[in-house]
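A short write-up of the structure that comes next.
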Amino acid sequence: MGKPRRTRAAGPRGEHDRAGFQALVAAAAEGIVRESGLRGLGMRPLAAAIGYAPNSIYNAVGDLDQVVLRVNARTIARLHAALEAALDPEAPPQANALALAEAYLAFVASDPAVWSLVHEYVPAPGTAIPEEHPRALAEATGLVGRVLAPLLPDPAERERVVAALWAALHGLAALSTSGKLAALTPETPRVLARMLVGRVLGAGASHAETR
(Lines give C-alpha, C1' and ligand atoms only; values in the text may rest on other atoms or scores of the structure.)
Protein backbone atom coordinates (compact mmCIF):
# COMPACT_ATOMS: atom_id res chain seq x y z
CA MET A 1 0.00 0.00 0.00
CA GLY A 2 1.25 3.50 -0.78
CA LYS A 3 1.46 6.33 1.68
CA PRO A 4 -1.88 7.99 2.49
CA ARG A 5 -2.43 11.25 0.65
CA ARG A 6 -2.54 14.38 2.78
CA THR A 7 -5.64 16.50 2.46
CA ARG A 8 -4.56 19.91 1.25
CA ALA A 9 -6.22 23.19 2.05
CA ALA A 10 -8.03 25.20 -0.58
CA GLY A 11 -5.20 27.69 -1.00
CA PRO A 12 -3.78 27.93 -4.48
CA ARG A 13 -0.28 26.99 -3.35
CA GLY A 14 -1.30 23.91 -1.36
CA GLU A 15 1.34 24.68 1.30
CA HIS A 16 -0.76 23.48 4.24
CA ASP A 17 -3.01 20.57 5.05
CA ARG A 18 -6.53 21.54 6.12
CA ALA A 19 -5.78 21.60 9.84
CA GLY A 20 -2.62 23.63 9.27
CA PHE A 21 -4.44 26.11 7.10
CA GLN A 22 -7.23 26.48 9.65
CA ALA A 23 -4.63 27.18 12.35
CA LEU A 24 -2.94 29.72 10.07
CA VAL A 25 -6.26 31.52 9.55
CA ALA A 26 -7.11 31.53 13.25
CA ALA A 27 -3.68 32.86 14.22
CA ALA A 28 -3.95 35.63 11.63
CA ALA A 29 -7.43 36.52 12.88
CA GLU A 30 -6.08 36.80 16.42
CA GLY A 31 -3.36 39.15 15.23
CA ILE A 32 -5.87 41.39 13.45
CA VAL A 33 -8.12 41.55 16.50
CA ARG A 34 -5.20 42.41 18.78
CA GLU A 35 -4.18 45.24 16.48
CA SER A 36 -7.52 46.57 15.23
CA GLY A 37 -10.24 45.00 17.38
CA LEU A 38 -13.28 43.10 16.22
CA ARG A 39 -14.22 45.85 13.76
CA GLY A 40 -10.99 45.29 11.87
CA LEU A 41 -11.68 41.61 11.31
CA GLY A 42 -13.11 40.71 7.91
CA MET A 43 -12.50 38.15 5.21
CA ARG A 44 -10.54 40.50 2.95
CA PRO A 45 -8.13 41.75 5.63
CA LEU A 46 -7.77 38.18 6.84
CA ALA A 47 -7.00 36.88 3.35
CA ALA A 48 -4.48 39.67 2.81
CA ALA A 49 -2.77 38.83 6.12
CA ILE A 50 -2.11 35.23 5.12
CA GLY A 51 -1.51 35.85 1.41
CA TYR A 52 -4.41 33.78 0.12
CA ALA A 53 -7.63 34.62 -1.70
CA PRO A 54 -10.81 34.95 0.42
CA ASN A 55 -12.25 31.89 -1.36
CA SER A 56 -9.46 29.79 0.12
CA ILE A 57 -10.68 30.67 3.60
CA TYR A 58 -14.31 30.02 2.71
CA ASN A 59 -13.41 26.62 1.27
CA ALA A 60 -11.15 25.41 4.09
CA VAL A 61 -12.62 27.13 7.15
CA GLY A 62 -15.97 28.68 6.30
CA ASP A 63 -17.40 32.15 6.70
CA LEU A 64 -16.40 34.73 9.30
CA ASP A 65 -18.58 33.07 11.94
CA GLN A 66 -16.58 29.88 11.54
CA VAL A 67 -13.30 31.77 11.72
CA VAL A 68 -14.28 33.48 14.98
CA LEU A 69 -15.63 30.28 16.52
CA ARG A 70 -12.31 28.56 15.80
CA VAL A 71 -10.44 31.52 17.31
CA ASN A 72 -12.64 31.25 20.39
CA ALA A 73 -11.94 27.53 20.65
CA ARG A 74 -8.20 28.29 20.57
CA THR A 75 -8.67 30.99 23.19
CA ILE A 76 -10.53 28.67 25.53
CA ALA A 77 -7.90 25.98 24.99
CA ARG A 78 -5.17 28.47 25.89
CA LEU A 79 -7.18 29.47 28.95
CA HIS A 80 -7.40 25.82 29.94
CA ALA A 81 -3.62 25.53 29.72
CA ALA A 82 -3.19 28.65 31.85
CA LEU A 83 -5.60 27.33 34.48
CA GLU A 84 -3.88 23.97 34.60
CA ALA A 85 -0.48 25.64 35.03
CA ALA A 86 -1.82 27.56 38.04
CA LEU A 87 -2.68 24.43 40.02
CA ASP A 88 -0.53 23.09 42.83
CA PRO A 89 -1.07 19.36 43.36
CA GLU A 90 0.00 19.74 46.98
CA ALA A 91 -2.41 22.58 47.77
CA PRO A 92 -5.89 22.13 49.26
CA PRO A 93 -8.85 22.48 46.86
CA GLN A 94 -9.86 25.88 48.26
CA ALA A 95 -6.41 27.29 47.49
CA ASN A 96 -6.44 25.81 44.00
CA ALA A 97 -9.91 27.22 43.37
CA LEU A 98 -8.65 30.69 44.25
CA ALA A 99 -5.60 30.12 42.04
CA LEU A 100 -7.89 29.22 39.15
CA ALA A 101 -9.90 32.41 39.59
CA GLU A 102 -6.77 34.53 39.63
CA ALA A 103 -5.32 32.69 36.63
CA TYR A 104 -8.57 33.28 34.72
CA LEU A 105 -8.41 37.03 35.32
CA ALA A 106 -4.69 37.16 34.55
CA PHE A 107 -5.25 35.36 31.26
CA VAL A 108 -7.99 37.79 30.24
CA ALA A 109 -5.87 40.80 31.21
CA SER A 110 -2.98 39.49 29.10
CA ASP A 111 -5.03 39.19 25.90
CA PRO A 112 -8.24 41.23 26.34
CA ALA A 113 -9.00 41.90 22.67
CA VAL A 114 -8.91 38.26 21.60
CA TRP A 115 -10.71 37.11 24.74
CA SER A 116 -13.46 39.67 24.08
CA LEU A 117 -14.48 37.68 21.00
CA VAL A 118 -15.70 34.94 23.33
CA HIS A 119 -18.41 37.16 24.79
CA GLU A 120 -18.84 39.93 22.20
CA TYR A 121 -19.15 38.07 18.92
CA VAL A 122 -22.59 36.60 18.20
CA PRO A 123 -22.73 34.19 15.22
CA ALA A 124 -25.72 34.16 12.91
CA PRO A 125 -28.64 31.96 14.02
CA GLY A 126 -28.22 28.38 12.90
CA THR A 127 -24.43 28.62 12.56
CA ALA A 128 -22.81 25.21 12.89
CA ILE A 129 -20.46 25.05 15.87
CA PRO A 130 -17.04 23.50 15.12
CA GLU A 131 -16.41 20.49 17.34
CA GLU A 132 -13.30 22.15 18.77
CA HIS A 133 -15.41 24.78 20.54
CA PRO A 134 -17.57 22.66 22.88
CA ARG A 135 -14.67 20.29 23.44
CA ALA A 136 -12.37 23.12 24.56
CA LEU A 137 -15.05 24.55 26.87
CA ALA A 138 -15.80 21.14 28.38
CA GLU A 139 -12.10 20.56 29.08
CA ALA A 140 -11.73 23.94 30.78
CA THR A 141 -14.84 23.67 32.93
CA GLY A 142 -14.02 20.02 33.61
CA LEU A 143 -10.74 21.10 35.13
CA VAL A 144 -12.61 23.40 37.52
CA GLY A 145 -14.97 20.56 38.36
CA ARG A 146 -12.09 18.26 39.27
CA VAL A 147 -10.64 20.89 41.59
CA LEU A 148 -13.99 21.35 43.34
CA ALA A 149 -14.80 17.63 43.59
CA PRO A 150 -13.42 17.20 47.14
CA LEU A 151 -15.57 20.11 48.33
CA LEU A 152 -18.69 19.25 46.34
CA PRO A 153 -19.00 15.47 46.02
CA ASP A 154 -22.51 15.59 44.55
CA PRO A 155 -22.03 15.73 40.72
CA ALA A 156 -25.22 17.70 40.02
CA GLU A 157 -24.46 20.31 42.67
CA ARG A 158 -20.85 20.56 41.50
CA GLU A 159 -21.95 21.09 37.91
CA ARG A 160 -24.20 23.97 38.98
CA VAL A 161 -21.48 25.58 41.07
CA VAL A 162 -18.94 25.30 38.25
CA ALA A 163 -21.40 26.93 35.85
CA ALA A 164 -22.19 29.71 38.33
CA LEU A 165 -18.54 30.45 39.08
CA TRP A 166 -17.57 30.31 35.41
CA ALA A 167 -20.37 32.71 34.47
CA ALA A 168 -19.55 35.05 37.35
CA LEU A 169 -15.84 35.19 36.50
CA HIS A 170 -16.70 35.67 32.84
CA GLY A 171 -18.91 38.64 33.71
CA LEU A 172 -16.35 40.08 36.09
CA ALA A 173 -13.65 39.84 33.44
CA ALA A 174 -15.93 41.40 30.82
CA LEU A 175 -16.72 44.37 33.06
CA SER A 176 -13.08 44.76 33.94
CA THR A 177 -11.75 44.73 30.36
CA SER A 178 -14.49 47.11 29.19
CA GLY A 179 -13.66 49.60 31.95
CA LYS A 180 -17.18 49.39 33.38
CA LEU A 181 -16.30 47.68 36.63
CA ALA A 182 -15.17 50.96 38.20
CA ALA A 183 -18.72 52.27 37.90
CA LEU A 184 -19.84 49.54 40.30
CA THR A 185 -17.01 49.34 42.78
CA PRO A 186 -13.48 50.61 43.45
CA GLU A 187 -12.38 47.06 44.29
CA THR A 188 -10.04 45.24 41.93
CA PRO A 189 -11.20 42.21 39.91
CA ARG A 190 -8.80 40.03 41.93
CA VAL A 191 -10.33 41.06 45.25
CA LEU A 192 -13.85 40.50 43.96
CA ALA A 193 -12.95 37.11 42.44
CA ARG A 194 -11.37 35.89 45.69
CA MET A 195 -14.41 37.06 47.67
CA LEU A 196 -16.76 35.36 45.22
CA VAL A 197 -14.94 32.03 45.23
CA GLY A 198 -14.47 32.12 49.00
CA ARG A 199 -18.15 32.77 49.66
CA VAL A 200 -19.42 30.17 47.19
CA LEU A 201 -17.05 27.44 48.27
CA GLY A 202 -17.46 28.23 51.93
CA ALA A 203 -21.19 27.66 51.62
CA GLY A 204 -20.68 24.68 49.34
CA ALA A 205 -18.15 23.02 51.62
CA SER A 206 -20.38 23.44 54.65
CA HIS A 207 -23.32 22.07 52.73
CA ALA A 208 -21.31 19.09 51.55
CA GLU A 209 -20.20 18.27 55.12
CA THR A 210 -23.78 18.23 56.41
CA ARG A 211 -25.25 16.04 53.66
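Every chain in the C-alpha coordinates has a letter given in the order shown (A, B, ...), and although residue numbers restart at 1 in each chain, ligands are simply numbered from 1 in the order shown.
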
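Contact shell of region 134-138 of chain A at 7 Å (only C-alpha atoms; same-chain neighbours under 6 positions omitted): A:Ala73, A:Ile76, A:Ala77.
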
Near-Pro123 (chain A) list (12 Å; only C-alpha atoms; drop same-chain fewer than 2 positions) as a list in words: Asp63, Leu64, Asp65, Gln66, Val67, Val68, Leu69, Arg70, Asn72, Leu117, Val118, His119, Glu120, Tyr121, Pro125, Gly126, Thr127, Ala128 and Ile129 of chain A

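Note that CA of Met195 (chain A) and CA of Ala173 (chain A) are 14.5 Å apart.
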
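Picture a line from CA of Leu100 (chain A) to CA of Ala28 (chain A); it runs 28.5 Å.
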
Using only C-alpha atoms, the best pick from A:Arg39, A:Ala140, A:Arg190, A:Ala156 as closest to Ala82 (chain A) would be A:Ala140

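For the set A:Ala19, A:Ile32, A:Leu98, A:Val144, the residue with the smallest atom-to-atom gap to Arg160 (chain A) is A:Val144, counting only C-alpha atoms.
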
List every residue of chain A that DSSP, applied to the backbone of this structure, places in helix (DSSP H, G or I), and write the result as number ranges by chain. A: 18-36, 38-40, 43-50, 54-60, 64-86, 93-110, 112-120, 132-148, 155-178, 181-183, 189-209

Find the residue from A:Pro45, A:Pro155, A:Gly31, A:Pro150 that sits nearest to Pro92 (chain A); use only C-alpha atoms when measuring. A:Pro150

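Checking A:His170, A:Arg146, A:Arg34, A:His133 one by one against Arg158 (chain A), counting only C-alpha atoms, you find the shortest gap at A:Arg146.
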